file my_file-v5.json (JSON, C-alpha atoms and all ligand atoms)
[["chain", "number", "residue", "atom", "x", "y", "z"],
["A", 1, "MET", "CA", 64.73, 170.41, 131.98],
["A", 2, "ASN", "CA", 63.62, 173.34, 129.85],
["A", 3, "PRO", "CA", 60.23, 172.34, 128.27],
["A", 4, "ARG", "CA", 61.27, 173.34, 124.73],
["A", 5, "ARG", "CA", 64.50, 171.39, 125.02],
["A", 6, "TRP", "CA", 62.65, 168.42, 126.53],
["A", 7, "CYS", "CA", 60.28, 168.44, 123.58],
["A", 8, "ARG", "CA", 63.05, 168.86, 120.98],
["A", 9, "GLU", "CA", 65.08, 166.01, 122.46],
["A", 10, "LEU", "CA", 62.27, 163.46, 122.63],
["A", 11, "HIS", "CA", 62.77, 160.20, 120.72],
["A", 12, "TRP", "CA", 60.12, 161.10, 118.13],
["A", 13, "PRO", "CA", 60.60, 158.02, 115.87],
["A", 14, "HIS", "CA", 60.00, 155.68, 118.82],
["A", 15, "LEU", "CA", 57.00, 157.71, 119.97],
["A", 16, "GLY", "CA", 55.65, 157.73, 116.41],
["A", 17, "LEU", "CA", 55.87, 153.94, 116.19],
["A", 18, "LEU", "CA", 54.17, 153.52, 119.58],
["A", 19, "ALA", "CA", 51.38, 155.84, 118.41],
["A", 20, "GLY", "CA", 51.04, 154.13, 115.03],
["A", 21, "LEU", "CA", 51.05, 150.60, 116.44],
["A", 22, "PRO", "CA", 47.44, 150.58, 117.76],
["A", 23, "VAL", "CA", 46.24, 152.11, 114.50],
["A", 24, "TRP", "CA", 47.97, 149.40, 112.44],
["A", 25, "TRP", "CA", 46.75, 146.65, 114.83],
["A", 26, "TRP", "CA", 43.15, 147.91, 114.61],
["A", 27, "TRP", "CA", 43.31, 148.21, 110.79],
["A", 28, "ALA", "CA", 44.88, 144.75, 110.38],
["A", 29, "THR", "CA", 42.51, 142.95, 112.77],
["A", 30, "THR", "CA", 39.31, 144.56, 111.41],
["A", 31, "ARG", "CA", 40.35, 143.50, 107.89],
["A", 32, "ALA", "CA", 41.34, 140.02, 109.09],
["A", 33, "LEU", "CA", 44.88, 140.36, 107.75],
["A", 34, "SER", "CA", 46.87, 137.21, 108.50],
["A", 35, "PRO", "CA", 49.12, 137.37, 111.60],
["A", 36, "THR", "CA", 52.20, 136.78, 109.44],
["A", 37, "MET", "CA", 51.40, 139.70, 107.13],
["A", 38, "THR", "CA", 50.44, 141.92, 110.08],
["A", 39, "LEU", "CA", 53.82, 141.33, 111.71],
["A", 40, "LEU", "CA", 55.89, 141.43, 108.52],
["A", 41, "VAL", "CA", 54.43, 144.72, 107.29],
["A", 42, "TRP", "CA", 54.87, 146.32, 110.72],
["A", 43, "LEU", "CA", 58.42, 144.97, 110.94],
["A", 44, "SER", "CA", 59.19, 146.59, 107.58],
["A", 45, "ILE", "CA", 57.59, 149.94, 108.55],
["A", 46, "SER", "CA", 59.43, 150.01, 111.89],
["A", 47, "ALA", "CA", 62.76, 149.06, 110.31],
["A", 48, "VAL", "CA", 62.47, 151.79, 107.64],
["A", 49, "VAL", "CA", 61.45, 154.47, 110.18],
["A", 50, "LEU", "CA", 64.30, 153.60, 112.54],
["A", 51, "ALA", "CA", 66.90, 153.19, 109.77],
["A", 52, "LEU", "CA", 66.05, 156.70, 108.50],
["A", 53, "ALA", "CA", 66.15, 158.01, 112.07],
["A", 54, "GLU", "CA", 69.61, 156.50, 112.56],
["A", 55, "ARG", "CA", 70.82, 158.60, 109.64],
["A", 56, "TRP", "CA", 68.85, 161.69, 110.66],
["A", 57, "ARG", "CA", 69.83, 161.84, 114.32],
["A", 58, "PRO", "CA", 72.30, 159.13, 115.38],
["A", 59, "PHE", "CA", 73.05, 158.78, 119.07],
["A", 60, "ARG", "CA", 76.69, 157.93, 118.28],
["A", 61, "GLY", "CA", 78.23, 158.44, 114.85],
["A", 62, "ASP", "CA", 80.80, 155.71, 115.48],
["A", 63, "TRP", "CA", 78.08, 153.10, 116.11],
["A", 64, "ARG", "CA", 77.02, 153.00, 112.44],
["A", 65, "PRO", "CA", 77.43, 149.39, 111.18],
["A", 66, "GLY", "CA", 80.07, 148.70, 108.54],
["A", 67, "VAL", "CA", 79.76, 146.20, 105.69],
["A", 68, "ALA", "CA", 81.28, 143.38, 107.81],
["A", 69, "GLN", "CA", 78.82, 144.01, 110.66],
["A", 70, "LEU", "CA", 75.86, 144.13, 108.27],
["A", 71, "ARG", "CA", 76.96, 140.85, 106.67],
["A", 72, "ARG", "CA", 77.24, 139.21, 110.12],
["A", 73, "ASP", "CA", 73.86, 140.53, 111.31],
["A", 74, "GLY", "CA", 72.15, 139.62, 108.02],
["A", 75, "THR", "CA", 73.44, 136.03, 108.33],
["A", 76, "VAL", "CA", 72.13, 135.78, 111.89],
["A", 77, "PHE", "CA", 68.78, 137.27, 110.84],
["A", 78, "ALA", "CA", 68.36, 134.59, 108.15],
["A", 79, "THR", "CA", 69.31, 131.82, 110.61],
["A", 80, "ASN", "CA", 66.96, 133.12, 113.27],
["A", 81, "ALA", "CA", 64.11, 133.41, 110.79],
["A", 82, "LEU", "CA", 64.45, 129.65, 110.30],
["A", 83, "ALA", "CA", 64.74, 129.03, 114.06],
["A", 84, "ASP", "CA", 61.68, 131.20, 114.70],
["A", 85, "GLY", "CA", 59.74, 129.35, 112.01],
["A", 86, "GLY", "CA", 60.52, 126.01, 113.68],
["A", 87, "VAL", "CA", 59.52, 127.24, 117.13],
["A", 88, "THR", "CA", 56.32, 128.82, 115.83],
["A", 89, "ALA", "CA", 55.31, 125.55, 114.17],
["A", 90, "LEU", "CA", 56.03, 123.65, 117.41],
["A", 91, "LEU", "CA", 54.10, 126.14, 119.55],
["A", 92, "THR", "CA", 51.16, 126.02, 117.16],
["A", 93, "LEU", "CA", 50.99, 122.24, 117.53],
["A", 94, "VAL", "CA", 51.13, 122.60, 121.33],
["A", 95, "ALA", "CA", 48.44, 125.30, 121.24],
["A", 96, "ILE", "CA", 46.11, 123.07, 119.23],
["A", 97, "ALA", "CA", 46.68, 120.26, 121.76],
["A", 98, "VAL", "CA", 46.31, 122.23, 125.00],
["A", 99, "ASN", "CA", 44.42, 125.44, 124.14],
["A", 100, "PRO", "CA", 41.78, 125.81, 126.89],
["A", 101, "GLY", "CA", 39.58, 127.95, 124.63],
["A", 102, "ASP", "CA", 38.41, 131.52, 124.80],
["A", 103, "SER", "CA", 39.42, 133.22, 128.07],
["A", 104, "GLY", "CA", 36.24, 135.36, 127.99],
["A", 105, "TRP", "CA", 38.17, 138.38, 129.24],
["A", 106, "PRO", "CA", 37.72, 141.82, 127.65],
["A", 107, "LEU", "CA", 40.29, 142.43, 124.93],
["A", 108, "TRP", "CA", 42.08, 145.27, 126.80],
["A", 109, "LEU", "CA", 42.55, 142.97, 129.81],
["A", 110, "GLN", "CA", 43.85, 140.15, 127.62],
["A", 111, "ILE", "CA", 46.43, 142.49, 126.05],
["A", 112, "GLY", "CA", 47.51, 143.91, 129.42],
["A", 113, "ALA", "CA", 47.80, 140.50, 131.05],
["A", 114, "GLY", "CA", 49.52, 139.10, 127.95],
["A", 115, "LEU", "CA", 52.16, 141.87, 128.01],
["A", 116, "LEU", "CA", 52.88, 141.35, 131.72],
["A", 117, "VAL", "CA", 53.09, 137.55, 131.47],
["A", 118, "SER", "CA", 55.27, 137.46, 128.35],
["A", 119, "GLU", "CA", 57.63, 140.08, 129.78],
["A", 120, "PHE", "CA", 57.83, 138.19, 133.08],
["A", 121, "GLY", "CA", 59.15, 135.04, 131.36],
["A", 122, "SER", "CA", 61.52, 137.03, 129.18],
["A", 123, "TYR", "CA", 62.80, 139.07, 132.16],
["A", 124, "TRP", "CA", 63.78, 136.01, 134.19],
["A", 125, "MET", "CA", 65.29, 134.15, 131.26],
["A", 126, "HIS", "CA", 67.31, 137.23, 130.33],
["A", 127, "ARG", "CA", 68.43, 137.78, 133.92],
["A", 128, "LEU", "CA", 69.46, 134.13, 134.20],
["A", 129, "SER", "CA", 71.50, 134.60, 131.01],
["A", 130, "HIS", "CA", 73.62, 137.25, 132.72],
["A", 131, "GLY", "CA", 74.55, 134.97, 135.62],
["A", 132, "GLY", "CA", 77.97, 133.99, 134.25],
["A", 133, "ASN", "CA", 76.72, 130.46, 133.51],
["A", 134, "TRP", "CA", 76.21, 128.44, 130.31],
["A", 135, "TRP", "CA", 73.28, 130.68, 129.31],
["A", 136, "TRP", "CA", 75.67, 133.64, 129.27],
["A", 137, "ARG", "CA", 77.80, 131.78, 126.73],
["A", 138, "VAL", "CA", 74.71, 131.60, 124.50],
["A", 139, "HIS", "CA", 73.70, 135.21, 125.15],
["A", 140, "LEU", "CA", 77.25, 136.50, 124.58],
["A", 141, "LEU", "CA", 76.76, 136.91, 120.83],
["A", 142, "HIS", "CA", 74.13, 139.61, 121.44],
["A", 143, "HIS", "CA", 76.41, 141.58, 123.78],
["A", 144, "ARG", "CA", 79.73, 141.10, 121.98],
["A", 145, "PRO", "CA", 79.57, 144.14, 119.61],
["A", 146, "ALA", "CA", 80.97, 147.36, 121.00],
["A", 147, "GLN", "CA", 78.13, 149.34, 119.45],
["A", 148, "LEU", "CA", 74.33, 149.33, 119.41],
["A", 149, "ASN", "CA", 72.28, 149.86, 116.29],
["A", 150, "LEU", "CA", 69.23, 148.63, 114.41],
["A", 151, "ALA", "CA", 71.14, 145.90, 112.58],
["A", 152, "ASN", "CA", 72.40, 144.20, 115.74],
["A", 153, "ALA", "CA", 68.88, 144.19, 117.24],
["A", 154, "VAL", "CA", 68.58, 140.82, 115.49],
["A", 155, "LEU", "CA", 72.02, 139.63, 116.54],
["A", 156, "ALA", "CA", 71.25, 136.73, 118.86],
["A", 157, "HIS", "CA", 72.29, 133.10, 118.94],
["A", 158, "PRO", "CA", 69.56, 130.90, 117.37],
["A", 159, "LEU", "CA", 69.26, 129.08, 120.73],
["A", 160, "ASN", "CA", 68.74, 132.48, 122.38],
["A", 161, "ALA", "CA", 66.02, 133.33, 119.85],
["A", 162, "ILE", "CA", 64.32, 129.99, 120.45],
["A", 163, "TYR", "CA", 64.22, 130.05, 124.25],
["A", 164, "ASP", "CA", 63.26, 133.71, 124.36],
["A", 165, "LYS", "CA", 60.30, 132.96, 122.12],
["A", 166, "LEU", "CA", 59.34, 129.90, 124.18],
["A", 167, "VAL", "CA", 59.29, 131.77, 127.50],
["A", 168, "ARG", "CA", 57.40, 134.68, 125.95],
["A", 169, "VAL", "CA", 54.77, 132.82, 123.98],
["A", 170, "ALA", "CA", 54.21, 129.44, 125.68],
["A", 171, "PRO", "CA", 52.49, 130.94, 128.80],
["A", 172, "LEU", "CA", 50.23, 133.05, 126.57],
["A", 173, "LEU", "CA", 49.01, 130.00, 124.69],
["A", 174, "SER", "CA", 47.88, 128.39, 127.96],
["A", 175, "MET", "CA", 45.91, 131.56, 128.86],
["A", 176, "GLY", "CA", 43.53, 131.12, 125.93],
["A", 177, "LEU", "CA", 44.01, 134.66, 124.58],
["A", 178, "ASP", "CA", 42.24, 135.80, 121.41],
["A", 179, "ASP", "CA", 44.30, 136.04, 118.23],
["A", 180, "ALA", "CA", 43.88, 139.84, 118.28],
["A", 181, "ALA", "CA", 45.41, 140.02, 121.77],
["A", 182, "LEU", "CA", 48.31, 137.73, 120.81],
["A", 183, "ILE", "CA", 49.01, 139.88, 117.75],
["A", 184, "ALA", "CA", 48.93, 143.09, 119.83],
["A", 185, "VAL", "CA", 51.46, 141.62, 122.30],
["A", 186, "ALA", "CA", 53.71, 140.42, 119.46],
["A", 187, "LEU", "CA", 53.55, 143.80, 117.65],
["A", 188, "PHE", "CA", 54.51, 145.64, 120.83],
["A", 189, "ALA", "CA", 57.44, 143.29, 121.58],
["A", 190, "LEU", "CA", 58.66, 143.62, 117.97],
["A", 191, "THR", "CA", 58.50, 147.43, 118.01],
["A", 192, "GLN", "CA", 60.29, 147.63, 121.32],
["A", 193, "SER", "CA", 63.01, 145.19, 120.33],
["A", 194, "LEU", "CA", 63.93, 147.30, 117.29],
["A", 195, "ALA", "CA", 63.47, 150.75, 118.89],
["A", 196, "VAL", "CA", 65.56, 150.11, 122.02],
["A", 197, "HIS", "CA", 68.54, 148.92, 119.96],
["A", 198, "ALA", "CA", 68.40, 151.59, 117.24],
["A", 199, "ASN", "CA", 71.23, 154.11, 117.30],
["A", 200, "VAL", "CA", 68.92, 157.12, 117.55],
["A", 201, "ALA", "CA", 69.29, 160.05, 119.91],
["A", 202, "GLY", "CA", 66.36, 161.10, 122.08],
["A", 203, "HIS", "CA", 64.65, 160.29, 125.35],
["A", 204, "LEU", "CA", 61.20, 159.08, 126.41],
["A", 205, "TRP", "CA", 61.17, 160.67, 129.86],
["A", 206, "PRO", "CA", 58.88, 160.23, 131.83],
["A", 207, "LEU", "CA", 57.29, 157.51, 129.68],
["A", 208, "ASP", "CA", 60.38, 155.35, 130.28],
["A", 209, "TYR", "CA", 59.05, 154.53, 133.74],
["A", 210, "ILE", "CA", 56.41, 152.37, 132.04],
["A", 211, "VAL", "CA", 57.87, 151.58, 128.58],
["A", 212, "GLY", "CA", 61.35, 150.34, 127.66],
["A", 213, "SER", "CA", 63.53, 152.92, 125.88],
["A", 214, "ALA", "CA", 66.83, 153.09, 124.00],
["A", 215, "GLY", "CA", 68.35, 154.99, 126.94],
["A", 216, "LEU", "CA", 67.44, 152.23, 129.39],
["A", 217, "HIS", "CA", 68.62, 149.48, 127.07],
["A", 218, "ARG", "CA", 71.98, 151.14, 126.41],
["A", 219, "LEU", "CA", 72.62, 150.82, 130.13],
["A", 220, "HIS", "CA", 71.82, 147.11, 129.88],
["A", 221, "HIS", "CA", 74.62, 146.82, 127.28],
["A", 222, "SER", "CA", 77.08, 148.82, 129.40],
["A", 223, "THR", "CA", 80.47, 147.26, 130.07],
["A", 224, "ARG", "CA", 80.06, 148.34, 133.70],
["A", 225, "GLN", "CA", 78.24, 145.72, 135.74],
["A", 226, "ASP", "CA", 76.69, 148.22, 138.16],
["A", 227, "GLU", "CA", 74.92, 149.91, 135.20],
["A", 228, "ALA", "CA", 73.91, 146.75, 133.36],
["A", 229, "GLY", "CA", 70.41, 146.12, 134.73],
["A", 230, "ASN", "CA", 67.21, 146.69, 132.73],
["A", 231, "PHE", "CA", 66.60, 143.09, 131.64],
["A", 232, "GLY", "CA", 63.10, 143.92, 130.36],
["A", 233, "THR", "CA", 63.13, 145.12, 126.77],
["A", 234, "ALA", "CA", 59.50, 146.03, 126.23],
["A", 235, "LEU", "CA", 58.41, 146.98, 129.76],
["A", 236, "PRO", "CA", 60.55, 147.98, 132.75],
["A", 237, "ILE", "CA", 57.96, 146.88, 135.32],
["A", 238, "TRP", "CA", 59.69, 143.63, 136.33],
["A", 239, "ASP", "CA", 63.01, 145.46, 136.68],
["A", 240, "GLN", "CA", 61.26, 147.89, 139.02],
["A", 241, "VAL", "CA", 59.65, 145.06, 141.01],
["A", 242, "PHE", "CA", 62.85, 143.01, 141.34],
["A", 243, "GLY", "CA", 65.32, 145.88, 141.84],
["A", 244, "THR", "CA", 67.23, 145.85, 138.53],
["A", 245, "TYR", "CA", 65.80, 149.07, 137.06],
["A", 246, "ARG", "CA", 68.63, 151.46, 136.13],
["A", 247, "ARG", "CA", 68.44, 155.09, 135.04],
["A", 248, "GLY", "CA", 71.16, 157.61, 134.46],
["A", 249, "ALA", "CA", 73.68, 158.94, 132.00],
["A", 250, "SER", "CA", 74.51, 156.90, 128.92],
["A", 251, "PRO", "CA", 77.25, 154.31, 129.34],
["A", 252, "VAL", "CA", 80.72, 155.29, 128.13],
["A", 253, "GLU", "CA", 81.16, 151.90, 126.48],
["A", 254, "VAL", "CA", 78.85, 149.07, 125.47],
["A", 255, "GLY", "CA", 79.82, 145.46, 124.87],
["A", 256, "VAL", "CA", 81.44, 143.00, 127.26],
["A", 257, "PHE", "CA", 83.55, 143.71, 130.35],
["A", 258, "ASP", "CA", 86.71, 141.94, 129.15],
["A", 259, "PRO", "CA", 86.61, 141.46, 125.34],
["A", 260, "ARG", "CA", 89.95, 139.58, 125.29],
["A", 261, "ARG", "CA", 88.23, 136.60, 126.94],
["A", 262, "TYR", "CA", 85.93, 136.13, 123.95],
["A", 263, "PRO", "CA", 86.15, 135.68, 120.16],
["A", 264, "ASP", "CA", 86.26, 138.85, 118.08],
["A", 265, "GLU", "CA", 82.83, 140.34, 117.39],
["A", 266, "LEU", "CA", 83.14, 139.60, 113.66],
["A", 267, "ARG", "CA", 84.03, 135.90, 114.13],
["A", 268, "LEU", "CA", 80.44, 134.74, 113.84],
["A", 269, "GLY", "CA", 81.27, 131.02, 113.64],
["A", 270, "ALA", "CA", 83.35, 131.12, 116.82],
["A", 271, "LEU", "CA", 80.65, 133.08, 118.65],
["A", 272, "LEU", "CA", 77.94, 130.64, 117.53],
["A", 273, "LEU", "CA", 80.06, 127.71, 118.76],
["A", 274, "TRP", "CA", 81.11, 129.45, 121.96],
["A", 275, "PRO", "CA", 78.45, 127.73, 124.15],
["A", 276, "PHE", "CA", 79.94, 124.37, 123.14],
["A", 277, "ALA", "CA", 83.63, 125.22, 123.59],
["A", 278, "CYS", "CA", 85.64, 124.17, 126.64],
["A", 279, "SER", "CA", 85.06, 126.79, 129.35],
["A", 280, "ARG", "CA", 88.76, 126.67, 130.36],
["A", 281, "CYS", "CA", 90.70, 126.71, 127.10],
["A", 282, "ALA", "CA", 87.93, 127.69, 124.60],
["A", 283, "ARG", "CA", 88.77, 124.68, 122.39],
["A", 284, "PHE", "CA", 86.53, 121.89, 121.26],
["A", 285, "GLY", "CA", 86.61, 118.16, 121.69],
["A", 286, "ARG", "CA", 89.10, 116.18, 123.71],
["A", 287, "CYS", "CA", 91.07, 119.09, 125.13],
["A", 288, "CYS", "CA", 88.96, 118.87, 128.25],
["A", 289, "ALA", "CA", 90.80, 115.69, 129.19],
["A", 290, "LEU", "CA", 93.92, 117.85, 129.64],
["A", 291, "HIS", "CA", 92.43, 119.95, 132.43],
["B", 301, "ZN", "ZN", 71.40, 140.90, 127.83]]

call {"tool": "encode", "arguments": {"input": "my_file-v5.json", "output": "structure tokens", "more": "lines below"}}
Ligand SMILES: [Zn+2]
result
Amino acid sequence: MNPRRWCRELHWPHLGLLAGLPVWWWWATTRALSPTMTLLVWLSISAVVLALAERWRPFRGDWRPGVAQLRRDGTVFATNALADGGVTALLTLVAIAVNPGDSGWPLWLQIGAGLLVSEFGSYWMHRLSHGGNWWWRVHLLHHRPAQLNLANAVLAHPLNAIYDKLVRVAPLLSMGLDDAALIAVALFALTQSLAVHANVAGHLWPLDYIVGSAGLHRLHHSTRQDEAGNFGTALPIWDQVFGTYRRGASPVEVGVFDPRRYPDELRLGALLLWPFACSRCARFGRCCALH
């Protein structure tokens, strides 16, 4: 690719957030800012940067969320905030009970190991969720929309949010990582989760061999199964190790392979109840006796 074009077409908002993240982490940890404030402020900064970028240089104009989509995603965000709060409280109690103490490792090693371990758990849970089993019925809500944007980055079933957090964070607690390392891992995962879903044009090549990108994640949401690898959101390393790393042109369509099999993307209640519906007739209750 022509160097000037390569430079012009970089995903500058994502790169800017990745560059700003260590600065914010260093500032927040040296001033002993609480973990909650550290994450909330960075979440707000990232959301504003990416929301402006979606207006400045959208990847697809027709992927902008309408009022109905924003209402649906806002409802899920509020629900998941409660679910996350419950899981965090539970994990904190577990950490107090089992924390083996300071690992004694240098901070850079703690952060590196923490990123690899948390992504490993998330990779396998995510891959399991695409196996056409009950977990897929839970994960469906995240894949049901036929567009990708910042708002639907938070669109996940509360059960999905809970088990993703458990597999990411529980192993870290048993490693005895410092608070600063845990916060660095959480900040990186947060940034990546928002940036890879945002509807912003631009590439990260060749950085996307070591960091997750919007281009890679769009392929994960492709309606074509041969394109839909890339189960790692923050790091592609486990996709590379286990043979699910996908690169290439952007998918023509994102969403689910056969939308007619599932509730409409705006029927939030039906999508939330989908894991508990009969797998044959999609009804609830005693219908199963008919099959
Ligand atoms: Zn998925």

call {"tool": "closest_residue", "arguments": {"input": "my_file-v5.json", "among": "A:Leu155, A:Ala68, A:Leu90, A:Ala170", "to": "ligand ZN 301 (chain B)", "atoms": "only C-alpha atoms and all ligand atoms"}}
result
A:Leu155

call {"tool": "residues_near_point", "arguments": {"input": "my_file-v5.json", "point": "(76.7, 135.3, 126.1)", "cutoff": "12 Å", "atoms": "only C-alpha atoms", "output": "PyMOL selection string"}}
result
chain A and resi 126-145+155-157+159-160+221+255-257+259+261-263+265+271-276

call {"tool": "write_last_selection", "arguments": {"input": "my_file-v5.json", "atoms": "C-alpha atoms", "output": "PDB file, in the coordinates of the input"}}
result
ATOM      1  CA  HIS A 126      67.310 137.230 130.330  1.00  0.00           C
ATOM      2  CA  ARG A 127      68.430 137.780 133.920  1.00  0.00           C
ATOM      3  CA  LEU A 128      69.460 134.130 134.200  1.00  0.00           C
ATOM      4  CA  SER A 129      71.500 134.600 131.010  1.00  0.00           C
ATOM      5  CA  HIS A 130      73.620 137.250 132.720  1.00  0.00           C
ATOM      6  CA  GLY A 131      74.550 134.970 135.620  1.00  0.00           C
ATOM      7  CA  GLY A 132      77.970 133.990 134.250  1.00  0.00           C
ATOM      8  CA  ASN A 133      76.720 130.460 133.510  1.00  0.00           C
ATOM      9  CA  TRP A 134      76.210 128.440 130.310  1.00  0.00           C
ATOM     10  CA  TRP A 135      73.280 130.680 129.310  1.00  0.00           C
ATOM     11  CA  TRP A 136      75.670 133.640 129.270  1.00  0.00           C
ATOM     12  CA  ARG A 137      77.800 131.780 126.730  1.00  0.00           C
ATOM     13  CA  VAL A 138      74.710 131.600 124.500  1.00  0.00           C
ATOM     14  CA  HIS A 139      73.700 135.210 125.150  1.00  0.00           C
ATOM     15  CA  LEU A 140      77.250 136.500 124.580  1.00  0.00           C
ATOM     16  CA  LEU A 141      76.760 136.910 120.830  1.00  0.00           C
ATOM     17  CA  HIS A 142      74.130 139.610 121.440  1.00  0.00           C
ATOM     18  CA  HIS A 143      76.410 141.580 123.780  1.00  0.00           C
ATOM     19  CA  ARG A 144      79.730 141.100 121.980  1.00  0.00           C
ATOM     20  CA  PRO A 145      79.570 144.140 119.610  1.00  0.00           C
ATOM     21  CA  LEU A 155      72.020 139.630 116.540  1.00  0.00           C
ATOM     22  CA  ALA A 156      71.250 136.730 118.860  1.00  0.00           C
ATOM     23  CA  HIS A 157      72.290 133.100 118.940  1.00  0.00           C
ATOM     24  CA  LEU A 159      69.260 129.080 120.730  1.00  0.00           C
ATOM     25  CA  ASN A 160      68.740 132.480 122.380  1.00  0.00           C
ATOM     26  CA  HIS A 221      74.620 146.820 127.280  1.00  0.00           C
ATOM     27  CA  GLY A 255      79.820 145.460 124.870  1.00  0.00           C
ATOM     28  CA  VAL A 256      81.440 143.000 127.260  1.00  0.00           C
ATOM     29  CA  PHE A 257      83.550 143.710 130.350  1.00  0.00           C
ATOM     30  CA  PRO A 259      86.610 141.460 125.340  1.00  0.00           C
ATOM     31  CA  ARG A 261      88.230 136.600 126.940  1.00  0.00           C
ATOM     32  CA  TYR A 262      85.930 136.130 123.950  1.00  0.00           C
ATOM     33  CA  PRO A 263      86.150 135.680 120.160  1.00  0.00           C
ATOM     34  CA  GLU A 265      82.830 140.340 117.390  1.00  0.00           C
ATOM     35  CA  LEU A 271      80.650 133.080 118.650  1.00  0.00           C
ATOM     36  CA  LEU A 272      77.940 130.640 117.530  1.00  0.00           C
ATOM     37  CA  LEU A 273      80.060 127.710 118.760  1.00  0.00           C
ATOM     38  CA  TRP A 274      81.110 129.450 121.960  1.00  0.00           C
ATOM     39  CA  PRO A 275      78.450 127.730 124.150  1.00  0.00           C
ATOM     40  CA  PHE A 276      79.940 124.370 123.140  1.00  0.00           C
TER      41      PHE A 276
END

call {"tool": "atom_distance", "arguments": {"input": "my_file-v5.json", "atom1": "atom CA of A:Ala153", "atom2": "atom CA of A:Ala51"}}
result
11.9 Å

call {"tool": "atom_distance", "arguments": {"input": "my_file-v5.json", "atom1": "atom CA of A:Leu235", "atom2": "atom CA of A:Ala184"}}
result
14.3 Å

call {"tool": "atom_distance", "arguments": {"input": "my_file-v5.json", "atom1": "atom CA of A:Tyr245", "atom2": "atom CA of A:Val154"}}
result
23.3 Å

call {"tool": "residues_around", "arguments": {"input": "my_file-v5.json", "residues": "A:Tyr123", "least_positions_apart": "6", "cutoff": "9 Å", "atoms": "only C-alpha atoms", "output": "PyMOL selection string"}}
result
chain A and resi 230-233+238-239

call {"tool": "closest_residue", "arguments": {"input": "my_file-v5.json", "among": "A:Asp264, A:Asp164, A:Asp179, A:Asp62", "to": "ligand ZN 301 (chain B)", "atoms": "only C-alpha atoms and all ligand atoms"}}
result
A:Asp164

call {"tool": "closest_residue", "arguments": {"input": "my_file-v5.json", "among": "A:Arg60, A:Trp42, A:Asn2, A:Thr244", "to": "A:Val23", "atoms": "only C-alpha atoms"}}
result
A:Trp42

call {"tool": "residues_around", "arguments": {"input": "my_file-v5.json", "residues": "A:Ala151", "least_positions_apart": "6", "cutoff": "10 Å", "atoms": "all atoms listed in the file", "output": "PyMOL selection string"}}
result
chain A and resi 47+51+64-65+69-74+77+194+197-199

call {"tool": "residues_around", "arguments": {"input": "my_file-v5.json", "residues": "A:Gln110", "least_positions_apart": "6", "cutoff": "12 Å", "atoms": "all atoms listed in the file", "output": "list in words"}}
result
Asp102, Ser103, Gly104, Leu116, Val117, Ser118, Leu172, Leu173, Met175, Gly176, Leu177, Asp178, Asp179, Ala180, Ala181, Leu182, Ile183, Ala184 and Val185 of chain A

call {"tool": "residues_near_point", "arguments": {"input": "my_file-v5.json", "point": "(58.4, 135.6, 122.3)", "cutoff": "10 Å", "atoms": "all atoms listed in the file", "output": "PDB file with C-alpha atoms, in the coordinates of the input"}}
result
ATOM      1  CA  ASP A  84      61.680 131.200 114.700  1.00  0.00           C
ATOM      2  CA  VAL A  87      59.520 127.240 117.130  1.00  0.00           C
ATOM      3  CA  THR A  88      56.320 128.820 115.830  1.00  0.00           C
ATOM      4  CA  SER A 118      55.270 137.460 128.350  1.00  0.00           C
ATOM      5  CA  GLU A 119      57.630 140.080 129.780  1.00  0.00           C
ATOM      6  CA  GLY A 121      59.150 135.040 131.360  1.00  0.00           C
ATOM      7  CA  SER A 122      61.520 137.030 129.180  1.00  0.00           C
ATOM      8  CA  ALA A 161      66.020 133.330 119.850  1.00  0.00           C
ATOM      9  CA  ILE A 162      64.320 129.990 120.450  1.00  0.00           C
ATOM     10  CA  TYR A 163      64.220 130.050 124.250  1.00  0.00           C
ATOM     11  CA  ASP A 164      63.260 133.710 124.360  1.00  0.00           C
ATOM     12  CA  LYS A 165      60.300 132.960 122.120  1.00  0.00           C
ATOM     13  CA  LEU A 166      59.340 129.900 124.180  1.00  0.00           C
ATOM     14  CA  VAL A 167      59.290 131.770 127.500  1.00  0.00           C
ATOM     15  CA  ARG A 168      57.400 134.680 125.950  1.00  0.00           C
ATOM     16  CA  VAL A 169      54.770 132.820 123.980  1.00  0.00           C
ATOM     17  CA  ALA A 170      54.210 129.440 125.680  1.00  0.00           C
ATOM     18  CA  PRO A 171      52.490 130.940 128.800  1.00  0.00           C
ATOM     19  CA  LEU A 172      50.230 133.050 126.570  1.00  0.00           C
ATOM     20  CA  VAL A 185      51.460 141.620 122.300  1.00  0.00           C
ATOM     21  CA  ALA A 186      53.710 140.420 119.460  1.00  0.00           C
ATOM     22  CA  ALA A 189      57.440 143.290 121.580  1.00  0.00           C
ATOM     23  CA  LEU A 190      58.660 143.620 117.970  1.00  0.00           C
TER      24      LEU A 190
END

call {"tool": "closest_residue", "arguments": {"input": "my_file-v5.json", "among": "A:Ala234, A:Ile111, A:Val49, A:Ala214", "to": "A:His11", "atoms": "only C-alpha atoms"}}
result
A:Ala214

call {"tool": "closest_residue", "arguments": {"input": "my_file-v5.json", "among": "A:Ile237, A:Leu219, A:Leu187, A:Ala277", "to": "A:Ala249", "atoms": "only C-alpha atoms"}}
result
A:Leu219

call {"tool": "closest_residue", "arguments": {"input": "my_file-v5.json", "among": "A:Leu115, A:Val254, A:Val200, A:Ala81", "to": "ligand ZN 301 (chain B)", "atoms": "all atoms listed in the file"}}
result
A:Val254

call {"tool": "residues_around", "arguments": {"input": "my_file-v5.json", "residues": "A:Ile45", "least_positions_apart": "5", "cutoff": "9 Å", "atoms": "all atoms listed in the file", "output": "ChimeraX atom specification"}}
result
/A:17,40,50

call {"tool": "residues_around", "arguments": {"input": "my_file-v5.json", "residues": "A:Gly20", "least_positions_apart": "5", "cutoff": "12 Å", "atoms": "all atoms listed in the file", "output": "list in words"}}
result
Trp12, Pro13, His14, Leu15, Trp25, Trp26, Trp27, Trp42, Ile45, Ser46, Val49, Leu187, Phe188 and Thr191 of chain A
